[in-house]
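Raw contents of my_file-v7.csv, CSV, C-alpha atoms:
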chain,number,residue,atom,x,y,z
M,1,ASP,CA,-87.9,94.6,-6.1
M,2,LEU,CA,-89.0,98.3,-6.3
M,3,ASN,CA,-90.3,99.9,-3.2
M,4,THR,CA,-93.0,102.5,-3.5
M,5,SER,CA,-94.0,104.7,-0.6
M,6,SER,CA,-97.5,104.7,0.8
M,7,VAL,CA,-98.9,106.7,3.8
M,8,SER,CA,-100.4,104.7,6.6
M,9,ASP,CA,-102.9,105.9,9.2
M,10,SER,CA,-100.1,106.7,11.6
M,11,GLY,CA,-98.3,108.8,8.9
M,12,LYS,CA,-95.5,106.2,8.5
M,13,VAL,CA,-94.3,105.0,5.1
M,14,LEU,CA,-95.5,101.6,3.9
M,15,GLU,CA,-93.2,99.7,1.6
M,16,ARG,CA,-95.0,98.1,-1.3
M,17,PRO,CA,-92.9,95.8,-3.5
M,18,LYS,CA,-93.3,96.3,-7.2
M,19,GLN,CA,-94.1,93.4,-9.5
M,20,ASP,CA,-90.9,92.0,-10.8
M,21,LEU,CA,-92.3,89.9,-13.7
M,22,ASP,CA,-90.4,87.0,-15.0
M,23,LYS,CA,-88.9,87.7,-18.4
M,24,GLU,CA,-87.4,84.4,-19.4
M,25,ILE,CA,-90.5,82.9,-21.1
M,26,GLU,CA,-91.8,86.3,-22.3
M,27,LYS,CA,-88.8,86.7,-24.6
M,28,ASP,CA,-88.7,84.7,-27.8
M,29,GLY,CA,-85.8,82.3,-27.8
M,30,LYS,CA,-83.4,82.9,-30.7
M,31,ASP,CA,-83.1,79.8,-32.8
M,32,THR,CA,-79.7,78.6,-34.0
M,33,GLU,CA,-78.8,75.5,-35.8
M,34,ALA,CA,-76.1,74.7,-33.2
M,35,SER,CA,-78.4,75.0,-30.2
M,36,ASP,CA,-81.4,73.5,-31.9
M,37,SER,CA,-83.6,75.6,-29.6
M,38,LEU,CA,-87.3,75.8,-29.7
M,39,LYS,CA,-89.0,77.6,-32.6
M,40,GLU,CA,-92.2,79.6,-32.5
M,41,HIS,CA,-95.1,78.0,-34.3
M,42,THR,CA,-98.0,80.1,-35.5
M,43,LEU,CA,-101.3,79.4,-33.9
M,44,PRO,CA,-104.4,78.8,-36.1
M,45,ASP,CA,-106.3,81.9,-37.0
M,46,GLU,CA,-109.2,82.0,-34.6
M,47,GLY,CA,-111.0,84.7,-36.7
M,48,PRO,CA,-112.3,88.1,-35.5
M,49,GLN,CA,-113.1,88.4,-31.8
M,50,ALA,CA,-115.1,90.9,-30.0
M,51,ILE,CA,-112.9,93.2,-27.9
M,52,SER,CA,-114.2,95.0,-24.9
M,53,THR,CA,-112.5,98.4,-24.7
M,54,PRO,CA,-112.6,100.2,-21.3
M,55,ALA,CA,-114.0,103.7,-21.4
M,56,ILE,CA,-111.4,106.4,-21.3
M,57,ALA,CA,-111.2,108.0,-17.8
M,58,LEU,CA,-111.2,111.8,-17.6
M,59,ASN,CA,-110.2,112.2,-14.0
M,60,VAL,CA,-109.3,110.2,-10.8
M,61,ASP,CA,-112.9,109.7,-9.9
M,62,ASP,CA,-113.5,108.0,-13.3
M,63,LEU,CA,-110.5,105.7,-12.6
M,64,LEU,CA,-111.7,104.8,-9.2
M,65,GLY,CA,-115.2,104.0,-10.5
M,66,ALA,CA,-114.1,102.0,-13.5
M,67,GLU,CA,-114.3,98.2,-13.4
M,68,THR,CA,-111.5,97.9,-16.0
M,69,ILE,CA,-108.8,100.4,-16.4
M,70,SER,CA,-106.9,101.1,-19.6
M,71,LYS,CA,-103.3,102.4,-20.0
M,72,GLU,CA,-104.7,105.3,-22.0
M,73,SER,CA,-107.0,106.3,-19.2
M,74,ILE,CA,-104.2,106.3,-16.7
M,75,ALA,CA,-101.9,108.2,-19.0
M,76,GLY,CA,-104.5,110.8,-19.6
M,77,VAL,CA,-105.2,111.4,-15.9
M,78,ILE,CA,-101.4,111.6,-15.3
M,79,SER,CA,-101.2,114.3,-17.9
M,80,GLU,CA,-104.1,116.3,-16.4
M,81,THR,CA,-102.7,116.0,-12.9
M,82,ALA,CA,-99.3,117.2,-14.2
M,83,LYS,CA,-100.9,120.3,-15.8
M,84,ARG,CA,-102.8,121.0,-12.6
M,85,MET,CA,-99.5,120.8,-10.6
M,86,GLU,CA,-97.8,123.2,-13.1
M,87,ASN,CA,-100.4,125.8,-12.3
M,88,ILE,CA,-99.1,126.1,-8.8
M,89,PRO,CA,-96.3,128.7,-8.6
M,90,ALA,CA,-92.8,127.1,-8.3
M,91,ASP,CA,-91.8,129.5,-5.4
M,92,VAL,CA,-94.5,128.4,-2.9
M,93,LYS,CA,-93.1,126.8,0.2
M,94,ASP,CA,-93.7,123.1,0.8
M,95,ASP,CA,-95.4,123.7,4.2
M,96,SER,CA,-97.8,126.3,2.8
M,97,PRO,CA,-101.4,125.3,1.8
M,98,GLU,CA,-100.6,125.5,-1.9
M,99,GLY,CA,-97.3,123.7,-1.3
M,100,LYS,CA,-99.1,120.8,0.4
M,101,ILE,CA,-101.5,120.6,-2.5
M,102,ARG,CA,-98.5,120.4,-4.9
M,103,SER,CA,-97.0,117.6,-2.8
M,104,ALA,CA,-100.3,115.7,-2.9
M,105,LEU,CA,-100.5,116.1,-6.7
M,106,LYS,CA,-96.9,114.9,-7.1
M,107,ARG,CA,-97.7,111.9,-4.9
M,108,GLN,CA,-100.8,111.3,-7.1
M,109,ILE,CA,-98.7,111.2,-10.2
M,110,GLU,CA,-96.4,108.6,-8.5
M,111,ILE,CA,-99.3,106.4,-7.6
M,112,LEU,CA,-100.8,106.7,-11.1
M,113,THR,CA,-97.5,105.8,-12.6
M,114,GLU,CA,-97.4,102.7,-10.4
M,115,LEU,CA,-100.9,101.8,-11.4
M,116,LEU,CA,-99.9,102.2,-15.0
M,117,THR,CA,-97.0,99.8,-14.5
M,118,THR,CA,-99.2,97.3,-12.9
M,119,VAL,CA,-101.8,97.4,-15.7
M,120,GLU,CA,-99.0,97.0,-18.2
M,121,SER,CA,-97.7,94.0,-16.3
M,122,ARG,CA,-101.2,92.4,-16.4
M,123,GLU,CA,-101.2,92.8,-20.2
M,124,LYS,CA,-97.8,91.1,-20.4
M,125,ILE,CA,-99.3,88.1,-18.6
M,126,SER,CA,-101.8,87.8,-21.4
M,127,SER,CA,-99.0,88.0,-24.0
M,128,GLN,CA,-97.0,85.4,-22.1
M,129,ARG,CA,-100.0,83.0,-22.2
M,130,LYS,CA,-100.1,83.2,-26.0
M,131,SER,CA,-96.3,82.8,-26.1
M,132,LEU,CA,-96.3,79.8,-23.8
M,133,THR,CA,-99.0,78.1,-25.9
M,134,ARG,CA,-96.9,78.5,-29.0
M,135,LYS,CA,-93.8,77.3,-27.2
M,136,LYS,CA,-95.6,74.2,-25.8
M,137,GLU,CA,-96.7,73.3,-29.4
M,138,GLY,CA,-93.2,74.0,-30.6
M,139,LEU,CA,-91.7,71.8,-28.0
M,140,GLU,CA,-94.0,68.9,-29.0
M,141,ILE,CA,-93.0,69.3,-32.6
M,142,LYS,CA,-89.3,69.6,-31.9
M,143,THR,CA,-89.4,66.6,-29.6
M,144,ARG,CA,-90.9,64.5,-32.4
M,145,GLU,CA,-88.3,65.7,-34.9
M,146,PHE,CA,-85.5,64.9,-32.4
M,147,GLU,CA,-86.8,61.4,-31.8
M,148,ALA,CA,-86.9,60.8,-35.6
M,149,LEU,CA,-83.2,61.6,-36.0
M,150,GLY,CA,-82.0,58.1,-35.3
M,151,PRO,CA,-78.6,57.0,-33.9
M,152,VAL,CA,-75.7,59.5,-33.9
M,153,HIS,CA,-73.4,59.0,-36.9
M,154,ILE,CA,-70.7,60.8,-38.9
M,155,SER,CA,-71.6,62.1,-42.3
M,156,GLY,CA,-68.8,61.3,-44.7
M,157,GLU,CA,-65.2,61.1,-43.8
M,158,PRO,CA,-64.1,62.6,-40.5
M,159,THR,CA,-62.0,65.8,-41.0
M,160,ARG,CA,-60.4,68.4,-38.7
M,161,GLU,CA,-62.9,71.0,-40.0
M,162,LYS,CA,-65.8,68.8,-39.0
M,163,LEU,CA,-64.3,68.2,-35.5
M,164,GLU,CA,-63.7,71.9,-35.0
M,165,LEU,CA,-67.3,72.6,-35.8
M,166,GLN,CA,-68.5,70.1,-33.1
M,167,GLN,CA,-66.8,71.9,-30.2
M,168,PRO,CA,-68.6,75.3,-30.4
M,169,LYS,CA,-71.8,73.5,-31.1
M,170,LEU,CA,-71.5,71.5,-28.0
M,171,GLU,CA,-70.5,74.6,-25.9
M,172,LEU,CA,-73.5,76.5,-27.3
M,173,ASN,CA,-75.9,73.7,-26.4
M,174,ARG,CA,-74.5,73.5,-22.9
M,175,ASN,CA,-74.7,77.2,-22.4
M,176,THR,CA,-78.4,77.1,-23.6
M,177,LEU,CA,-79.1,74.4,-21.0
M,178,SER,CA,-77.4,76.3,-18.2
M,179,GLN,CA,-79.4,79.4,-19.1
M,180,LEU,CA,-82.7,77.5,-19.1
M,181,LYS,CA,-81.9,76.1,-15.7
M,182,GLU,CA,-81.0,79.5,-14.3
M,183,GLU,CA,-84.2,81.0,-15.7
M,184,ALA,CA,-86.3,78.2,-14.2
M,185,ASN,CA,-84.6,78.6,-10.9
M,186,ILE,CA,-85.3,82.4,-10.8
M,187,ARG,CA,-88.9,81.8,-11.8
M,188,ALA,CA,-89.3,79.1,-9.1
M,189,LYS,CA,-88.1,81.6,-6.4
M,190,ARG,CA,-90.5,84.2,-7.8
M,191,ILE,CA,-93.4,81.8,-7.4
M,192,GLU,CA,-92.4,80.8,-3.9
M,193,LYS,CA,-92.4,84.5,-3.0
M,194,LEU,CA,-95.9,85.2,-4.4
M,195,PRO,CA,-97.9,84.2,-1.2
M,196,GLU,CA,-95.7,86.4,0.8
M,197,LEU,CA,-96.4,89.3,-1.5
M,198,GLN,CA,-100.1,88.6,-1.4
M,199,GLY,CA,-100.0,88.8,2.4
M,200,SER,CA,-98.0,92.0,2.3
M,201,TYR,CA,-100.6,93.6,0.0
M,202,ALA,CA,-103.5,92.4,2.2
M,203,GLU,CA,-101.8,94.1,5.2
M,204,GLN,CA,-101.3,97.3,3.3
M,205,GLY,CA,-104.9,97.2,2.2
M,206,THR,CA,-106.0,97.1,5.8
M,207,SER,CA,-103.8,100.1,6.7
M,208,LEU,CA,-105.2,102.0,3.7
M,209,ASP,CA,-108.8,101.3,4.9
M,210,THR,CA,-107.9,102.9,8.2
M,211,ALA,CA,-106.3,105.9,6.5
M,212,ILE,CA,-109.3,106.3,4.2
M,213,GLN,CA,-111.6,106.3,7.2
M,214,ARG,CA,-109.5,108.8,9.1
M,215,ILE,CA,-109.3,111.2,6.2
M,216,SER,CA,-113.0,110.9,5.5
M,217,THR,CA,-113.7,111.8,9.1
M,218,GLU,CA,-111.5,114.9,8.9
M,219,LEU,CA,-113.0,115.9,5.6
M,220,SER,CA,-116.5,115.7,6.9
M,221,VAL,CA,-115.8,118.6,9.4
M,222,ALA,CA,-113.3,120.5,7.3
M,223,LYS,CA,-114.2,124.0,6.1
M,224,GLU,CA,-114.2,125.1,2.5
M,225,GLY,CA,-110.8,126.3,1.3
M,226,THR,CA,-107.3,125.1,0.7
M,227,ASP,CA,-107.2,122.6,3.6
M,228,LYS,CA,-110.4,120.9,2.4
M,229,GLU,CA,-108.9,120.7,-1.1
M,230,PHE,CA,-105.8,119.1,0.3
M,231,LEU,CA,-107.9,116.5,2.3
M,232,ILE,CA,-109.8,115.7,-0.9
M,233,LEU,CA,-106.5,115.0,-2.7
M,234,GLU,CA,-105.3,112.9,0.2
M,235,LEU,CA,-108.5,110.8,0.2
M,236,LYS,CA,-108.3,110.3,-3.6
M,237,ASN,CA,-104.6,109.3,-3.3
M,238,ALA,CA,-105.4,106.8,-0.6
M,239,LYS,CA,-108.2,105.3,-2.7
M,240,LEU,CA,-105.9,105.2,-5.7
M,241,GLU,CA,-103.4,103.3,-3.7
M,242,LYS,CA,-106.1,100.9,-2.7
M,243,ARG,CA,-106.9,100.4,-6.4
M,244,VAL,CA,-103.2,99.7,-7.0
M,245,ILE,CA,-103.4,97.0,-4.3
M,246,ARG,CA,-106.4,95.5,-6.0
M,247,GLU,CA,-104.8,95.5,-9.4
M,248,SER,CA,-101.5,94.1,-7.9
M,249,LEU,CA,-103.3,91.2,-6.2
M,250,GLN,CA,-105.1,90.4,-9.4
M,251,LEU,CA,-101.7,90.4,-11.2
M,252,LEU,CA,-100.3,87.9,-8.7
M,253,ASP,CA,-103.4,85.7,-9.1
M,254,ASN,CA,-102.8,85.8,-12.9
M,255,GLU,CA,-99.2,84.8,-12.4
M,256,LEU,CA,-100.1,81.8,-10.3
M,257,GLN,CA,-102.8,80.8,-12.7
M,258,LEU,CA,-100.3,80.9,-15.5
M,259,GLU,CA,-98.1,78.5,-13.7
M,260,LYS,CA,-101.0,76.2,-13.1
M,261,ASP,CA,-102.0,76.2,-16.7
M,262,PHE,CA,-98.4,75.4,-17.9
M,263,PRO,CA,-97.1,73.3,-14.9
M,264,HIS,CA,-94.4,71.3,-16.7
M,265,LEU,CA,-93.3,73.4,-19.6
M,266,ARG,CA,-90.1,74.7,-18.1
M,267,SER,CA,-89.0,71.2,-16.9
M,268,ASP,CA,-90.0,69.6,-20.2
M,269,TRP,CA,-88.1,72.3,-22.1
M,270,ILE,CA,-85.0,71.6,-19.9
M,271,ASP,CA,-85.3,67.9,-20.5
M,272,TYR,CA,-85.5,68.5,-24.2
M,273,GLN,CA,-82.4,70.7,-24.2
M,274,ARG,CA,-80.6,68.1,-22.0
M,275,ARG,CA,-81.2,65.5,-24.7
M,276,ILE,CA,-79.8,67.9,-27.3
M,277,VAL,CA,-76.7,68.3,-25.1
M,278,THR,CA,-76.3,64.5,-24.7
M,279,ARG,CA,-76.6,64.0,-28.5
M,280,SER,CA,-74.0,66.8,-29.1
M,281,GLU,CA,-71.7,65.1,-26.6
M,282,GLU,CA,-72.1,61.8,-28.4
M,283,GLU,CA,-71.5,63.4,-31.8
M,284,TYR,CA,-68.3,65.1,-30.4
M,285,ASP,CA,-67.1,61.8,-28.9
M,286,LEU,CA,-67.7,60.0,-32.1
M,287,TYR,CA,-65.8,62.6,-34.2
M,288,GLN,CA,-63.1,62.7,-31.5
M,289,LYS,CA,-62.5,59.0,-31.6
M,290,ALA,CA,-62.6,58.9,-35.4
M,291,MET,CA,-60.1,61.8,-35.6
M,292,SER,CA,-57.8,60.2,-33.0
M,293,SER,CA,-57.7,57.0,-35.1
M,294,LEU,CA,-57.1,59.0,-38.2
M,295,LEU,CA,-54.3,61.0,-36.6
M,296,THR,CA,-52.7,57.9,-35.2
M,297,LYS,CA,-52.6,56.3,-38.7
M,298,GLU,CA,-51.3,59.6,-40.2
M,299,LYS,CA,-48.7,59.8,-37.5
M,300,GLU,CA,-47.4,56.3,-38.2
M,301,VAL,CA,-47.3,57.0,-42.0
M,302,LEU,CA,-45.3,60.2,-41.4
M,303,LYS,CA,-43.0,58.5,-39.0
M,304,ALA,CA,-42.3,55.8,-41.6
M,305,GLU,CA,-41.8,58.4,-44.2
M,306,LEU,CA,-39.3,60.1,-41.9
M,307,GLU,CA,-37.3,56.9,-41.5
M,308,GLU,CA,-37.2,56.6,-45.3
M,309,LYS,CA,-35.9,60.1,-45.7
M,310,LYS,CA,-33.2,59.4,-43.0
M,311,GLU,CA,-32.0,56.4,-45.0
M,312,ALA,CA,-32.1,58.4,-48.2
M,313,THR,CA,-29.8,61.0,-46.6
M,314,LYS,CA,-27.4,58.3,-45.5
M,315,SER,CA,-27.2,56.7,-48.9
M,316,ALA,CA,-26.9,60.0,-50.8
M,317,LYS,CA,-23.6,60.0,-52.8
M,318,THR,CA,-23.2,63.3,-54.5
M,319,HIS,CA,-23.3,66.7,-52.8
M,320,SER,CA,-26.5,67.7,-54.5
M,321,GLU,CA,-28.2,64.4,-53.6
M,322,ARG,CA,-27.2,64.9,-49.9
M,323,PHE,CA,-28.4,68.5,-50.0
M,324,LEU,CA,-31.8,67.5,-51.4
M,325,ALA,CA,-32.2,64.5,-49.2
M,326,ASP,CA,-31.2,66.5,-46.1
M,327,TRP,CA,-34.0,69.1,-46.8
M,328,GLU,CA,-36.6,66.3,-47.5
M,329,GLU,CA,-35.6,64.7,-44.2
M,330,LYS,CA,-36.1,68.1,-42.4
M,331,ILE,CA,-39.6,68.5,-44.0
M,332,ALA,CA,-40.5,65.0,-43.1
M,333,ARG,CA,-39.4,65.6,-39.5
M,334,ILE,CA,-41.5,68.7,-39.3
M,335,ASN,CA,-44.5,66.9,-40.6
M,336,ALA,CA,-44.1,64.0,-38.2
M,337,PHE,CA,-43.6,66.5,-35.3
M,338,LYS,CA,-46.7,68.4,-36.3
M,339,SER,CA,-48.8,65.2,-36.6
M,340,ASP,CA,-47.6,64.2,-33.1
M,341,LEU,CA,-48.7,67.5,-31.7
M,342,GLU,CA,-52.1,67.3,-33.4
M,343,ALA,CA,-52.6,63.9,-31.9
M,344,LYS,CA,-51.7,65.1,-28.4
M,345,GLN,CA,-53.9,68.2,-28.9
M,346,ALA,CA,-56.9,66.1,-29.7
M,347,ILE,CA,-56.3,64.0,-26.6
M,348,LEU,CA,-56.0,67.2,-24.4
M,349,THR,CA,-59.1,68.8,-26.0
M,350,ASN,CA,-61.1,65.7,-25.2
M,351,VAL,CA,-59.8,65.7,-21.6
M,352,VAL,CA,-60.8,69.3,-21.2
M,353,MET,CA,-64.3,68.7,-22.6
M,354,GLN,CA,-64.8,65.7,-20.3
M,355,GLN,CA,-63.7,67.8,-17.4
M,356,GLU,CA,-66.1,70.6,-18.3
M,357,LYS,CA,-68.9,68.0,-18.4
M,358,ARG,CA,-68.0,66.7,-14.9
M,359,ILE,CA,-67.8,70.3,-13.6
M,360,GLN,CA,-71.2,71.1,-15.0
M,361,THR,CA,-72.6,67.9,-13.4
M,362,GLU,CA,-71.1,68.8,-10.0
M,363,LYS,CA,-72.6,72.4,-10.3
M,364,ASP,CA,-76.0,70.9,-11.1
M,365,ASN,CA,-75.8,68.6,-8.1
M,366,PHE,CA,-74.7,71.5,-5.9
M,367,GLU,CA,-77.7,73.6,-7.1
M,368,SER,CA,-80.1,70.8,-6.4
M,369,ILE,CA,-78.7,70.3,-2.9
M,370,LYS,CA,-78.8,74.0,-2.2
M,371,ASN,CA,-82.4,74.3,-3.4
M,372,LEU,CA,-83.4,71.3,-1.3
M,373,ILE,CA,-81.7,72.8,1.8
M,374,SER,CA,-83.5,76.1,1.1
M,375,LYS,CA,-86.9,74.4,0.9
M,376,LEU,CA,-86.3,72.4,4.0
M,377,GLY,CA,-85.2,75.6,5.8
M,378,THR,CA,-88.4,77.3,4.7
M,379,VAL,CA,-90.5,74.4,5.9
M,380,GLY,CA,-88.7,74.5,9.2
M,381,ARG,CA,-89.3,78.2,9.7
M,382,GLY,CA,-93.0,77.7,8.8
Show this structure as structure tokens.
Amino acid sequence: DLNTSSVSDSGKVLERPKQDLDKEIEKDGKDTEASDSLKEHTLPDEGPQAISTPAIALNVDDLLGAETISKESIAGVISETAKRMENIPADVKDDSPEGKIRSALKRQIEILTELLTTVESREKISSQRKSLTRKKEGLEIKTREFEALGPVHISGEPTREKLELQQPKLELNRNTLSQLKEEANIRAKRIEKLPELQGSYAEQGTSLDTAIQRISTELSVAKEGTDKEFLILELKNAKLEKRVIRESLQLLDNELQLEKDFPHLRSDWIDYQRRIVTRSEEEYDLYQKAMSSLLTKEKEVLKAELEEKKEATKSAKTHSERFLADWEEKIARINAFKSDLEAKQAILTNVVMQQEKRIQTEKDNFESIKNLISKLGTVGRG
């Protein structure tokens, strides 16, 4: 979380955590044949819609008075504030009247930049809502397509090439599932943290109210001049920070509402991918068993062929017959040895894949237990 400074009534620095928006749903998942992940589906055209465009703010007062703030308005005010700050000579001391004004203007740009980030984050929430709607529809379609696949089967004769294709496909599907689980876990932690952030913002809002009251009182008795100009900037900065608090709280509300509107999408997506992984495992096992049977038969054939070549070598009469038979026996021995190694390799590969499956299951169980303990600990502290 980013920390942004804010001045309290006592002059201390407040820490305001920046919005760390979840990105796992916002990004469009890349579809691959192997992972069989969700595809985006275009929503029906809803036709032209009326768009309410916020008026462009010309200064800080316009921003503070606007009900809705646009990115363009904030960017424009940042630019104007930067130009104003550039008009102050660079060699003035920080503790001089002009130096204090420059510091206040610099702080104003920082606050405006945070406000711009917050407004942009709120727009991302709107984009996420559209993306989630498409993903929900896509999940329903993909689920129906998956259920129509029927039992797992081998297309054509099993071959080494087909078996070799199954392993990376299975690994990719498992990795996709792990990634979905990790993203869901990160998002769950984010949602759990939102009430705490809301409370933090509320406390900071109270401190800012006190600061605004104090500065307003000082300003009411201040004489015309640089000191009064500085107090005006301080007051505007405090009000700007209050606006950032307001926009940030609205952002958190939007996040929570998004979760309420799509309560089971992540878990449903994970369940779908888990079914994909299970089917991939079944396909791999089916090919593995078929290849093991094929390799066993091939091994027996090559072993019998080796025995024939041995007998041919023994029964060879001429020197040329013995030379030829001896080489044929060596080739048959190599082929038999190679076939034996391939059979053992297939067995070891299967053992490794099964072990990886057990390890992943244990990791999932561990994460579930850890999350449960964390939740129980949170309840206990509450």
Original post:
Could you pull the residues within 12 Å of M:Lys338, counting all atoms listed in the file, minus those fewer than 4 positions along the same chain, as an MDAnalysis selection string?
Top reply: chainID M and resid 295 298:299 302:303 331:334 342:345
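Of the residues listed (M:Ile78, M:Ile369, M:Ala202, M:Ile270), M:Ile78 shows the shortest atom-to-atom separation from M:Glu114; distances use all atoms listed in the file.
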Original post:
Using only C-alpha atoms, can you list as a list of chain:residue names the residues within 9 Å of (-69.2, 69.4, -33.7)?
Top reply: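 The residues that fall inside the cut-off are M:Ala34, M:Lys162, M:Leu163, M:Glu164, M:Leu165, M:Gln166, M:Gln167, M:Pro168, M:Lys169, M:Leu170, M:Ser280, M:Glu281, M:Glu283, M:Tyr284, M:Tyr287.
Taking atom CA of M:Phe366 and atom CA of M:Glu196 as the two end points, the separation is 26.6 Å.
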**OP:** Find the residue from M:Thr113, M:Gln273, M:Ser248, M:Asn59 that sits nearest to M:Thr143; use all atoms listed in the file when measuring.
**Re:** M:Gln273
**OP:** Find the distance between atom CA of M:Ser155 and atom CA of M:Met291 and write it in Å to one decimal.
**Re:**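 Going from atom CA of M:Ser155 over to atom CA of M:Met291 covers 13.3 Å.
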For the contact check between stretch 73-140 of chain M and stretch 257-267 of chain M, emit one row per residue of stretch 73-140 of chain M within 9 Å, containing the shortest atom pair and the distance in Å rounded to one decimal, counting only C-alpha atoms, chain then rising number order, as JSON lines.
{"residue": "M:Ile125", "atom": "CA", "partner": "M:Leu258", "partner_atom": "CA", "distance": 7.9}
{"residue": "M:Gln128", "atom": "CA", "partner": "M:Leu258", "partner_atom": "CA", "distance": 8.6}
{"residue": "M:Arg129", "atom": "CA", "partner": "M:Leu258", "partner_atom": "CA", "distance": 7.0}
{"residue": "M:Leu132", "atom": "CA", "partner": "M:Phe262", "partner_atom": "CA", "distance": 7.7}
{"residue": "M:Thr133", "atom": "CA", "partner": "M:Phe262", "partner_atom": "CA", "distance": 8.5}
{"residue": "M:Lys135", "atom": "CA", "partner": "M:Leu265", "partner_atom": "CA", "distance": 8.6}
{"residue": "M:Lys136", "atom": "CA", "partner": "M:Leu265", "partner_atom": "CA", "distance": 6.7}
{"residue": "M:Leu139", "atom": "CA", "partner": "M:Leu265", "partner_atom": "CA", "distance": 8.7}
